[in-house]
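Structure file input.cif (mmCIF, C-alpha atoms and all ligand atoms) follows.
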data_data
loop_
_atom_site.label_atom_id
_atom_site.label_comp_id
_atom_site.auth_asym_id
_atom_site.auth_seq_id
_atom_site.Cartn_x
_atom_site.Cartn_y
_atom_site.Cartn_z
CA MET A 1 0.00 0.00 0.00
CA ASN A 2 1.55 3.31 -1.02
CA ARG A 3 -1.06 5.95 -0.20
CA LYS A 4 -3.49 5.25 2.63
CA GLY A 5 -6.28 2.95 1.55
CA TYR A 6 -4.71 2.17 -1.82
CA TYR A 7 -3.65 -1.27 -2.95
CA GLY A 8 -1.67 -0.64 -6.10
CA GLU A 9 -4.00 1.60 -8.08
CA LEU A 10 -7.12 0.11 -6.44
CA GLY A 11 -9.10 1.18 -3.39
CA GLY A 12 -9.27 4.81 -2.30
CA MET A 13 -12.02 6.91 -0.80
CA PHE A 14 -14.23 8.47 -3.48
CA VAL A 15 -16.98 9.88 -1.31
CA PRO A 16 -19.18 12.97 -1.53
CA GLU A 17 -17.77 16.16 -0.01
CA VAL A 18 -20.23 16.05 2.93
CA LEU A 19 -18.99 12.63 4.01
CA ILE A 20 -15.24 13.22 3.91
CA ARG A 21 -14.98 14.32 7.53
CA THR A 22 -17.07 11.36 8.67
CA PHE A 23 -14.76 8.98 6.83
CA GLU A 24 -11.68 10.63 8.25
CA GLU A 25 -13.14 10.36 11.75
CA LEU A 26 -13.81 6.69 11.16
CA VAL A 27 -10.26 6.08 9.92
CA ALA A 28 -8.85 7.77 13.02
CA ALA A 29 -11.19 5.92 15.40
CA PHE A 30 -10.42 2.57 13.79
CA GLU A 31 -6.66 3.08 13.90
CA GLU A 32 -6.81 4.18 17.50
CA ALA A 33 -9.00 1.22 18.55
CA ARG A 34 -6.81 -1.26 16.70
CA ASP A 35 -3.79 -0.14 18.70
CA ASP A 36 -5.64 -0.14 22.03
CA PRO A 37 -5.23 -3.35 24.09
CA GLY A 38 -8.48 -2.51 25.94
CA PHE A 39 -10.44 -2.56 22.69
CA GLN A 40 -8.72 -5.78 21.65
CA GLN A 41 -9.66 -7.44 24.89
CA GLU A 42 -13.29 -6.37 24.72
CA TYR A 43 -13.51 -7.57 21.12
CA GLN A 44 -11.97 -10.96 22.03
CA GLU A 45 -14.42 -11.29 24.89
CA ILE A 46 -17.42 -10.71 22.60
CA LEU A 47 -16.06 -13.15 20.03
CA SER A 48 -15.62 -15.92 22.56
CA SER A 49 -18.65 -15.43 24.82
CA TYR A 50 -21.20 -14.22 22.26
CA SER A 51 -20.15 -15.21 18.73
CA CYS A 52 -18.90 -18.69 19.75
CA ARG A 53 -15.24 -18.41 18.74
CA PRO A 54 -12.96 -20.11 18.12
CA THR A 55 -14.86 -22.03 15.46
CA PRO A 56 -13.52 -25.55 14.94
CA LEU A 57 -11.48 -26.92 12.05
CA THR A 58 -13.17 -30.17 11.01
CA PHE A 59 -11.28 -32.97 9.25
CA ALA A 60 -13.53 -34.17 6.38
CA ARG A 61 -12.44 -37.79 6.41
CA ASN A 62 -15.10 -39.20 4.09
CA LEU A 63 -14.73 -36.50 1.46
CA SER A 64 -10.93 -36.85 1.57
CA GLU A 65 -11.21 -40.59 0.96
CA TYR A 66 -13.86 -40.18 -1.71
CA LEU A 67 -11.88 -37.64 -3.75
CA GLY A 68 -8.61 -39.51 -3.25
CA GLY A 69 -6.26 -36.53 -3.21
CA ALA A 70 -5.35 -34.01 -0.55
CA ALA A 71 -6.71 -34.31 2.99
CA ILE A 72 -9.57 -31.84 3.46
CA TYR A 73 -10.11 -29.65 6.52
CA VAL A 74 -13.14 -27.38 6.83
CA LYS A 75 -13.09 -24.10 8.77
CA ARG A 76 -16.48 -23.86 10.45
CA GLU A 77 -17.68 -20.26 10.20
CA ASP A 78 -21.18 -21.73 9.91
CA LEU A 79 -21.04 -22.24 13.67
CA GLY A 80 -20.67 -18.56 14.49
CA HIS A 81 -23.73 -16.83 15.96
CA THR A 82 -26.25 -15.95 13.20
CA GLY A 83 -24.74 -18.69 11.07
CA ALA A 84 -21.92 -17.07 9.12
CA HIS A 85 -18.64 -15.17 9.33
CA LYS A 86 -20.52 -11.84 9.11
CA ILE A 87 -20.82 -11.63 12.91
CA ASN A 88 -17.02 -11.16 13.31
CA ASN A 89 -17.15 -7.90 11.39
CA VAL A 90 -20.39 -6.48 12.79
CA MET A 91 -19.41 -7.04 16.43
CA GLY A 92 -16.10 -5.27 15.78
CA GLN A 93 -17.82 -2.33 14.10
CA GLY A 94 -20.48 -2.27 16.84
CA LEU A 95 -17.82 -1.92 19.48
CA LEU A 96 -16.19 0.84 17.44
CA ALA A 97 -19.52 2.66 16.96
CA GLU A 98 -20.14 2.54 20.72
CA ARG A 99 -16.66 3.94 21.34
CA MET A 100 -17.42 6.76 18.89
CA GLY A 101 -20.61 7.60 20.81
CA LYS A 102 -23.00 6.65 17.99
CA LYS A 103 -26.63 5.85 18.80
CA ARG A 104 -27.77 4.40 15.51
CA VAL A 105 -26.42 1.94 12.93
CA ILE A 106 -27.39 1.45 9.31
CA ALA A 107 -26.41 -1.24 6.82
CA GLU A 108 -27.03 -2.48 3.31
CA THR A 109 -27.91 -6.09 2.74
CA GLY A 110 -28.45 -8.30 -0.30
CA ALA A 111 -29.30 -11.80 0.83
CA GLY A 112 -30.11 -10.48 4.28
CA GLN A 113 -27.30 -12.24 6.17
CA HIS A 114 -25.43 -9.03 6.87
CA GLY A 115 -28.76 -7.38 7.76
CA ILE A 116 -29.51 -10.07 10.33
CA ALA A 117 -26.00 -9.89 11.80
CA THR A 118 -26.25 -6.08 12.04
CA ALA A 119 -29.74 -6.19 13.58
CA THR A 120 -28.44 -8.73 16.10
CA MET A 121 -25.49 -6.53 16.98
CA ALA A 122 -27.79 -3.48 17.31
CA ALA A 123 -30.05 -5.37 19.71
CA ARG A 124 -27.06 -6.38 21.81
CA PHE A 125 -25.53 -2.87 21.91
CA GLY A 126 -28.85 -1.01 22.17
CA PHE A 127 -28.52 0.90 18.89
CA GLN A 128 -31.39 1.99 16.69
CA CYS A 129 -31.05 0.12 13.41
CA THR A 130 -32.11 0.70 9.81
CA ILE A 131 -31.38 -1.86 7.09
CA TYR A 132 -31.50 -0.95 3.40
CA MET A 133 -32.47 -3.74 1.06
CA GLY A 134 -33.40 -3.72 -2.64
CA GLU A 135 -37.08 -4.33 -3.33
CA VAL A 136 -36.22 -7.45 -5.35
CA ASP A 137 -34.23 -8.88 -2.44
CA VAL A 138 -36.96 -8.02 0.09
CA ALA A 139 -39.32 -10.14 -1.97
CA ARG A 140 -36.96 -13.11 -2.42
CA GLN A 141 -35.47 -13.14 1.09
CA ARG A 142 -38.67 -12.89 3.15
CA PRO A 143 -37.47 -15.10 6.07
CA ASN A 144 -34.47 -12.82 6.66
CA VAL A 145 -36.66 -9.69 6.51
CA PHE A 146 -38.91 -11.30 9.12
CA TRP A 147 -35.98 -11.88 11.50
CA MET A 148 -34.49 -8.41 11.02
CA GLU A 149 -37.85 -6.89 11.96
CA GLN A 150 -38.28 -9.22 14.94
CA LEU A 151 -34.81 -8.13 16.11
CA GLY A 152 -36.11 -4.57 16.15
CA ALA A 153 -34.61 -3.21 12.94
CA GLN A 154 -36.47 -1.09 10.42
CA VAL A 155 -36.11 -2.62 6.95
CA VAL A 156 -36.31 -0.08 4.11
CA SER A 157 -37.15 -1.45 0.69
CA VAL A 158 -35.13 0.39 -2.01
CA ARG A 159 -36.88 0.97 -5.35
CA ASP A 160 -33.98 2.53 -7.33
CA GLY A 161 -32.03 0.97 -10.19
CA SER A 162 -32.00 -2.82 -10.32
CA ARG A 163 -33.50 -2.80 -6.77
CA THR A 164 -30.73 -5.06 -5.45
CA LEU A 165 -27.57 -4.83 -3.33
CA LYS A 166 -25.71 -1.97 -5.04
CA ASP A 167 -28.84 0.20 -4.89
CA ALA A 168 -29.25 -0.59 -1.19
CA MET A 169 -25.63 0.47 -0.66
CA ASN A 170 -26.20 3.80 -2.45
CA GLU A 171 -29.26 4.46 -0.28
CA ALA A 172 -27.31 3.69 2.90
CA PHE A 173 -24.66 6.25 1.87
CA ARG A 174 -27.45 8.80 1.31
CA ASP A 175 -28.80 8.16 4.81
CA TRP A 176 -25.31 8.48 6.29
CA ALA A 177 -24.75 11.83 4.57
CA THR A 178 -27.77 13.29 6.41
CA ASN A 179 -27.34 11.52 9.77
CA MET A 180 -23.58 11.22 10.21
CA SER A 181 -23.38 12.78 13.67
CA ASP A 182 -25.23 10.00 15.50
CA THR A 183 -25.06 7.18 12.91
CA HIS A 184 -22.44 4.58 11.96
CA TYR A 185 -22.67 2.79 8.62
CA VAL A 186 -21.78 -0.89 9.12
CA LEU A 187 -20.55 -1.92 5.68
CA GLY A 188 -20.75 -5.69 5.32
CA THR A 189 -17.78 -6.72 3.22
CA ALA A 190 -14.13 -5.94 2.42
CA SER A 191 -15.17 -3.50 -0.31
CA GLY A 192 -16.32 0.12 -0.50
CA PRO A 193 -14.34 3.24 0.34
CA HIS A 194 -11.36 3.27 2.71
CA PRO A 195 -11.25 2.29 5.59
CA PHE A 196 -13.88 -0.44 5.02
CA PRO A 197 -11.76 -2.90 2.99
CA GLU A 198 -8.96 -2.70 5.55
CA MET A 199 -11.23 -2.58 8.60
CA VAL A 200 -13.47 -5.48 7.55
CA THR A 201 -10.40 -7.57 6.64
CA TYR A 202 -8.96 -6.76 10.04
CA PHE A 203 -12.10 -7.92 11.86
CA GLN A 204 -12.32 -11.07 9.72
CA SER A 205 -8.63 -11.96 10.05
CA VAL A 206 -9.47 -13.96 13.17
CA ILE A 207 -10.61 -16.73 10.79
CA GLY A 208 -7.16 -17.10 9.24
CA ARG A 209 -5.29 -16.75 12.53
CA GLU A 210 -7.34 -19.52 14.09
CA ALA A 211 -7.21 -21.78 11.02
CA ARG A 212 -3.41 -21.52 10.79
CA ALA A 213 -2.89 -22.34 14.47
CA GLN A 214 -5.45 -25.18 14.31
CA ILE A 215 -3.92 -26.93 11.32
CA LEU A 216 -0.42 -26.65 12.73
CA GLU A 217 -1.62 -28.15 15.96
CA ARG A 218 -3.65 -30.91 14.32
CA ALA A 219 -1.48 -31.88 11.37
CA GLY A 220 1.87 -30.35 12.26
CA ARG A 221 2.20 -28.57 8.92
CA LEU A 222 0.70 -25.91 6.70
CA PRO A 223 -1.90 -26.64 4.04
CA ALA A 224 -0.91 -26.61 0.36
CA ARG A 225 -4.01 -24.59 -0.50
CA VAL A 226 -6.78 -22.60 1.12
CA TYR A 227 -10.12 -22.13 -0.67
CA ALA A 228 -12.78 -19.48 -0.02
CA CYS A 229 -15.75 -18.12 -1.95
CA VAL A 230 -15.64 -14.50 -3.10
CA GLY A 231 -18.59 -12.10 -2.99
CA GLY A 232 -17.32 -8.77 -1.75
CA GLY A 233 -14.28 -10.62 -0.43
CA SER A 234 -14.57 -10.57 3.36
CA ASN A 235 -14.50 -14.28 4.25
CA ALA A 236 -11.76 -14.84 1.67
CA MET A 237 -9.62 -11.97 2.98
CA GLY A 238 -10.36 -13.17 6.52
CA ILE A 239 -8.94 -16.64 6.01
CA PHE A 240 -6.27 -15.71 3.42
CA SER A 241 -4.76 -13.07 5.69
CA GLY A 242 -3.59 -15.84 8.05
CA PHE A 243 -1.47 -17.42 5.28
CA LEU A 244 -0.26 -14.45 3.21
CA HIS A 245 3.34 -14.86 4.29
CA ASP A 246 3.40 -18.65 4.04
CA PRO A 247 4.11 -20.87 1.03
CA VAL A 248 0.38 -21.62 0.75
CA GLU A 249 -1.64 -21.22 -2.43
CA LEU A 250 -4.74 -19.06 -1.90
CA VAL A 251 -7.71 -19.76 -4.16
CA GLY A 252 -10.85 -17.60 -4.36
CA VAL A 253 -13.98 -18.93 -6.03
CA GLU A 254 -16.48 -16.52 -7.60
CA ALA A 255 -20.04 -17.11 -8.77
CA GLY A 256 -19.93 -18.51 -12.31
CA GLY A 257 -23.76 -18.47 -12.38
CA LYS A 258 -25.07 -19.98 -15.60
CA GLY A 259 -21.64 -19.81 -17.24
CA LEU A 260 -19.03 -17.13 -17.94
CA THR A 261 -20.22 -16.62 -21.53
CA SER A 262 -23.91 -16.45 -20.55
CA GLY A 263 -23.83 -12.92 -19.14
CA LEU A 264 -25.56 -14.43 -16.08
CA HIS A 265 -22.79 -14.60 -13.48
CA ALA A 266 -20.98 -12.46 -10.90
CA SER A 267 -17.36 -13.25 -11.83
CA ARG A 268 -15.46 -10.01 -11.92
CA LEU A 269 -11.95 -11.46 -11.76
CA ALA A 270 -11.88 -15.04 -13.06
CA SER A 271 -14.00 -14.22 -16.11
CA GLY A 272 -11.66 -11.47 -17.28
CA GLN A 273 -14.82 -9.43 -17.87
CA GLY A 274 -14.46 -7.08 -14.92
CA THR A 275 -12.80 -3.74 -15.70
CA VAL A 276 -11.28 -1.19 -13.34
CA GLY A 277 -13.47 1.77 -12.56
CA VAL A 278 -14.70 3.98 -9.76
CA ALA A 279 -18.17 3.33 -8.33
CA GLN A 280 -19.77 3.12 -4.90
CA GLY A 281 -16.95 5.18 -3.44
CA TYR A 282 -13.95 3.07 -4.45
CA LYS A 283 -11.84 1.87 -7.34
CA THR A 284 -11.82 -1.79 -8.26
CA TYR A 285 -12.90 -4.33 -10.89
CA PHE A 286 -16.58 -3.97 -11.71
CA LEU A 287 -18.81 -5.79 -14.16
CA GLN A 288 -19.73 -2.72 -16.20
CA ASP A 289 -20.29 -1.71 -19.80
CA GLN A 290 -18.08 0.71 -21.74
CA ASP A 291 -19.97 3.71 -20.36
CA GLY A 292 -19.46 2.58 -16.77
CA GLN A 293 -23.06 1.37 -16.40
CA MET A 294 -23.12 -1.51 -13.93
CA LYS A 295 -24.23 -4.79 -15.47
CA GLY A 296 -26.79 -7.12 -13.95
CA THR A 297 -25.27 -10.08 -12.08
CA HIS A 298 -26.58 -13.53 -11.30
CA SER A 299 -25.77 -16.27 -8.84
CA ILE A 300 -27.70 -19.03 -7.15
CA ALA A 301 -26.03 -17.68 -3.98
CA ALA A 302 -27.46 -14.25 -3.20
CA GLY A 303 -24.41 -13.39 -1.07
CA LEU A 304 -22.07 -13.62 -4.08
CA ASP A 305 -24.29 -11.58 -6.37
CA TYR A 306 -22.39 -8.27 -6.36
CA VAL A 307 -20.86 -6.17 -9.20
CA GLY A 308 -17.71 -5.02 -7.36
CA VAL A 309 -15.06 -6.89 -5.37
CA SER A 310 -12.53 -6.17 -2.65
CA PRO A 311 -9.70 -3.91 -3.88
CA ILE A 312 -7.30 -5.74 -1.53
CA LEU A 313 -8.20 -9.15 -2.92
CA SER A 314 -8.09 -7.81 -6.50
CA HIS A 315 -4.64 -6.38 -5.92
CA LEU A 316 -3.41 -9.71 -4.50
CA ARG A 317 -4.82 -11.39 -7.60
CA ASP A 318 -3.08 -8.87 -9.88
CA ARG A 319 0.21 -9.54 -8.07
CA GLY A 320 -0.23 -13.30 -8.51
CA ARG A 321 -0.59 -13.98 -4.78
CA VAL A 322 -4.21 -15.11 -5.02
CA ARG A 323 -5.70 -17.23 -7.81
CA VAL A 324 -9.39 -16.71 -8.61
CA GLU A 325 -11.65 -19.30 -10.24
CA ALA A 326 -15.40 -19.42 -10.85
CA ALA A 327 -17.89 -22.21 -10.15
CA GLU A 328 -21.23 -22.47 -11.95
CA ASP A 329 -24.61 -22.91 -10.26
CA ALA A 330 -25.03 -26.56 -11.36
CA GLU A 331 -21.58 -27.57 -10.15
CA VAL A 332 -22.19 -25.76 -6.87
CA LEU A 333 -25.42 -27.70 -6.24
CA GLU A 334 -23.57 -30.96 -6.88
CA ALA A 335 -20.81 -30.00 -4.45
CA PHE A 336 -23.46 -28.95 -1.92
CA SER A 337 -25.17 -32.38 -2.04
CA LEU A 338 -21.84 -34.20 -1.81
CA VAL A 339 -20.86 -32.30 1.35
CA LEU A 340 -24.21 -33.12 2.98
CA ARG A 341 -24.10 -36.80 2.10
CA LYS A 342 -20.46 -37.46 2.82
CA GLU A 343 -19.96 -35.30 5.92
CA GLY A 344 -23.34 -34.25 7.29
CA LEU A 345 -22.32 -30.61 6.98
CA ILE A 346 -24.75 -28.07 5.50
CA PRO A 347 -22.79 -25.30 3.80
CA ALA A 348 -24.41 -22.07 2.64
CA LEU A 349 -24.74 -21.90 -1.15
CA GLU A 350 -22.03 -19.22 -1.07
CA SER A 351 -19.66 -21.57 0.77
CA ALA A 352 -20.57 -24.41 -1.60
CA HIS A 353 -18.72 -22.43 -4.29
CA ALA A 354 -15.49 -22.86 -2.32
CA PHE A 355 -16.18 -26.61 -2.06
CA ALA A 356 -16.94 -26.84 -5.80
CA GLY A 357 -13.72 -25.04 -6.71
CA ALA A 358 -11.73 -27.30 -4.40
CA PHE A 359 -13.38 -30.57 -5.52
CA ARG A 360 -12.28 -29.91 -9.10
CA GLU A 361 -8.62 -29.75 -8.09
CA ILE A 362 -8.24 -32.05 -5.09
CA PRO A 363 -8.18 -35.39 -6.99
CA GLU A 364 -5.02 -34.21 -8.81
CA MET A 365 -3.25 -33.32 -5.58
CA SER A 366 -0.94 -35.58 -3.55
CA ARG A 367 -2.36 -37.54 -0.62
CA GLN A 368 0.35 -35.93 1.46
CA ASP A 369 -1.13 -32.48 0.83
CA LEU A 370 -3.63 -30.72 3.07
CA VAL A 371 -6.25 -28.19 2.03
CA ILE A 372 -8.51 -25.94 4.07
CA ILE A 373 -11.93 -24.95 2.74
CA ASN A 374 -13.65 -22.03 4.43
CA GLN A 375 -17.28 -22.89 5.15
CA SER A 376 -18.34 -19.24 5.44
CA GLY A 377 -21.88 -19.99 6.58
CA ARG A 378 -24.62 -22.54 7.08
CA GLY A 379 -27.13 -23.50 4.43
CA ASP A 380 -30.40 -23.64 6.36
CA LYS A 381 -31.18 -20.14 5.10
CA ASP A 382 -31.09 -21.44 1.51
CA ILE A 383 -33.87 -23.99 1.93
CA PHE A 384 -36.25 -22.22 -0.49
CA THR A 385 -33.60 -21.83 -3.23
CA ILE A 386 -32.14 -25.31 -2.85
CA ALA A 387 -35.45 -27.16 -2.64
CA GLU A 388 -36.60 -25.29 -5.75
CA ALA A 389 -33.34 -25.94 -7.66
CA LEU A 390 -33.41 -29.64 -6.79
CA GLY A 391 -37.10 -29.78 -7.77
CA ASP A 392 -37.99 -31.50 -4.51
CA PRO A 393 -41.61 -32.71 -4.88
CA GLY A 394 -42.34 -32.90 -1.13
CA TRP A 395 -41.30 -29.26 -0.71
CA ARG A 396 -43.47 -28.15 -3.67
CA ASN A 397 -46.48 -29.88 -2.09
CA PHE A 398 -45.76 -28.25 1.24
CA LEU A 399 -45.70 -24.77 -0.35
CA ARG A 400 -48.86 -25.45 -2.34
CA GLU A 401 -50.76 -26.83 0.65
CA LYS A 402 -49.64 -23.91 2.80
CA ALA A 403 -50.86 -21.43 0.17
CA GLU A 404 -54.18 -23.24 -0.13
CA ALA A 405 -54.65 -23.37 3.64
CA ASP A 406 -53.95 -19.62 3.84
CA ARG A 407 -56.53 -18.85 1.14
CA ALA A 408 -59.21 -20.95 2.82
C1 LIG B 1 -22.26 -12.66 2.71
C2 LIG B 1 -21.75 -14.02 2.58
C3 LIG B 1 -20.70 -14.34 1.68
C4 LIG B 1 -20.11 -13.37 0.71
O1 LIG B 1 -19.48 -12.27 1.25
P1 LIG B 1 -17.91 -12.09 1.35
O2 LIG B 1 -17.76 -10.70 1.80
O3 LIG B 1 -17.33 -12.33 0.00
O4 LIG B 1 -17.42 -13.08 2.33
C5 LIG B 1 -20.22 -15.65 1.67
N1 LIG B 1 -20.76 -16.60 2.46
C6 LIG B 1 -21.77 -16.33 3.32
C7 LIG B 1 -22.32 -17.44 4.14
C8 LIG B 1 -22.30 -15.05 3.40
O5 LIG B 1 -23.31 -14.80 4.25
#

Can the structure from this file be put into structure tokens for me?
Amino acid sequence: MNRKGYYGELGGMFVPEVLIRTFEELVAAFEEARDDPGFQQEYQEILSSYSCRPTPLTFARNLSEYLGGAAIYVKREDLGHTGAHKINNVMGQGLLAERMGKKRVIAETGAGQHGIATATMAARFGFQCTIYMGEVDVARQRPNVFWMEQLGAQVVSVRDGSRTLKDAMNEAFRDWATNMSDTHYVLGTASGPHPFPEMVTYFQSVIGREARAQILERAGRLPARVYACVGGGSNAMGIFSGFLHDPVELVGVEAGGKGLTSGLHASRLASGQGTVGVAQGYKTYFLQDQDGQMKGTHSIAAGLDYVGVSPILSHLRDRGRVRVEAAEDAEVLEAFSLVLRKEGLIPALESAHAFAGAFREIPEMSRQDLVIINQSGRGDKDIFTIAEALGDPGWRNFLREKAEADRA
């Protein structure tokens, strides 16, 4: 990093004039907290007594035997409170917001996982909470909207643009610009303007620190590769950051959707179709047309369905430190079923991308090798999508009977 918040030419802080002071305050508060042992201790205490850390590293014996290559270990972020790695970041930012004297938090959410984690944090810290969510996502993620509201958050349905995640993010910035004195914006991934990529990576780096110590203790050596799915890049940066200075290959897996030539995917890096531009307050690879209009994205995993990507992760890719692949929806569903049947683990559809990317390569690896796959979250939330994609007849009947009973 040469200038603050830049990673090569990527990153930066391209925010409206009115927000510059707010961002600078946040940078200062974050840097001060990071260097304060008192803050560290409080954060550790929340992670262990509330978020259920450390999460285990599970040896996937059956999958390892079945694939016949490297031995597979799974980092269990699905066991964190609220069911994904998102809690690590929101509890850190909650503690920071409290320290800054804020009374209210806002957040954007796509699939709703970050919204639920933020609403949970707000309940715990006693903050008022507003969650911005695209109208399309509100409709397709009804169970998450229900929980956010039960947790006491106000969910605002955003009707602009494609009515999805990027529009929710724009609306959250608009809110922040009018309410910055008492409000903190809890950005959910390692993207967006400085200091969010750095700060979110910092709060997620606990994943990689734990995983590294756990594999050394269990197996006595480092893994050959670490796999993680890539939406905005926070779970990947979280686990990769533990191995950056080791001879370990780091592999990110993006959403290949219906195929990289179909136009229906969210692969900004692996597809070669993402181009560098400035949007949403930062400079990175976006899926955009020649005029800088953001393209529509698609993934079976709502949490990977985003047009931009972490500038830190992109820079590591450009430098050859991280390799990025893409896995298509169909392949992801197959990997998902295999993990359930062989190990009794239920990965989120996002995490199933990491498994799919790994399963392709593991059979060619040596049996002496180890790999770690980051299971970023649990799949219970995806029951509607998965049952539909698998065409489960029992589930279809259940939905039909429920609808008929409601009408009667
Ligand atoms: C949100 C989410 C992701 C994608 O976000 P990243 O910032 O790329 O980690 C991946 N997995 C799960 C379970 C999520 O909830």

So, with all atoms listed in the file as the atoms that count, which of A:Tyr132, A:Phe173, A:Phe398, A:Phe203 lies closest to Gln40 in chain A?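 For Gln40 in chain A, the nearest of the given residues is A:Phe203.
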
Nearest to ligand LIG 1 (chain B) among A:Ala139, A:Leu250, A:Val200, A:Leu67, with distances taken over only C-alpha atoms and all ligand atoms: which residue is it?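 Answer, going by the shortest atom-to-atom distance: A:Val200.
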
Name all residues at most 9 Å from Tyr73 in chain A (count only C-alpha atoms; drop same-chain ones fewer than 2 positions away) and give them as an MDAnalysis selection string. chainID A and resid 57:61 64 71 75 215 370:374

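Here CA of Ala301 in chain A and CA of Val186 in chain A stand 21.7 Å from one another.
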
Suppose you want the space between CA of Ala122 in chain A and CA of Arg174 in chain A; what is it in Å? 20.2 Å

As a quick test: using only C-alpha atoms and all ligand atoms, which residues lie no more than 8 Å away from ligand LIG 1 (chain B)? Give them as a PyMOL selection string. chain A and resi 78+83-86+111+113-114+188-191+229-237+303-304+309+347-351+375-379

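Distance annotation: of A:Asp382, A:Glu388, A:Glu171, A:Asp291, the residue with the minimal separation from Pro143 in chain A is A:Asp382; atom set is only C-alpha atoms.
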
Would you kindly return, as a count of residues only, each protein, DNA or RNA residue with an atom no farther than 6 Å from any atom of range 362-368 of chain A, considering only C-alpha atoms and excluding same-chain residues fewer than 6 positions away? 4
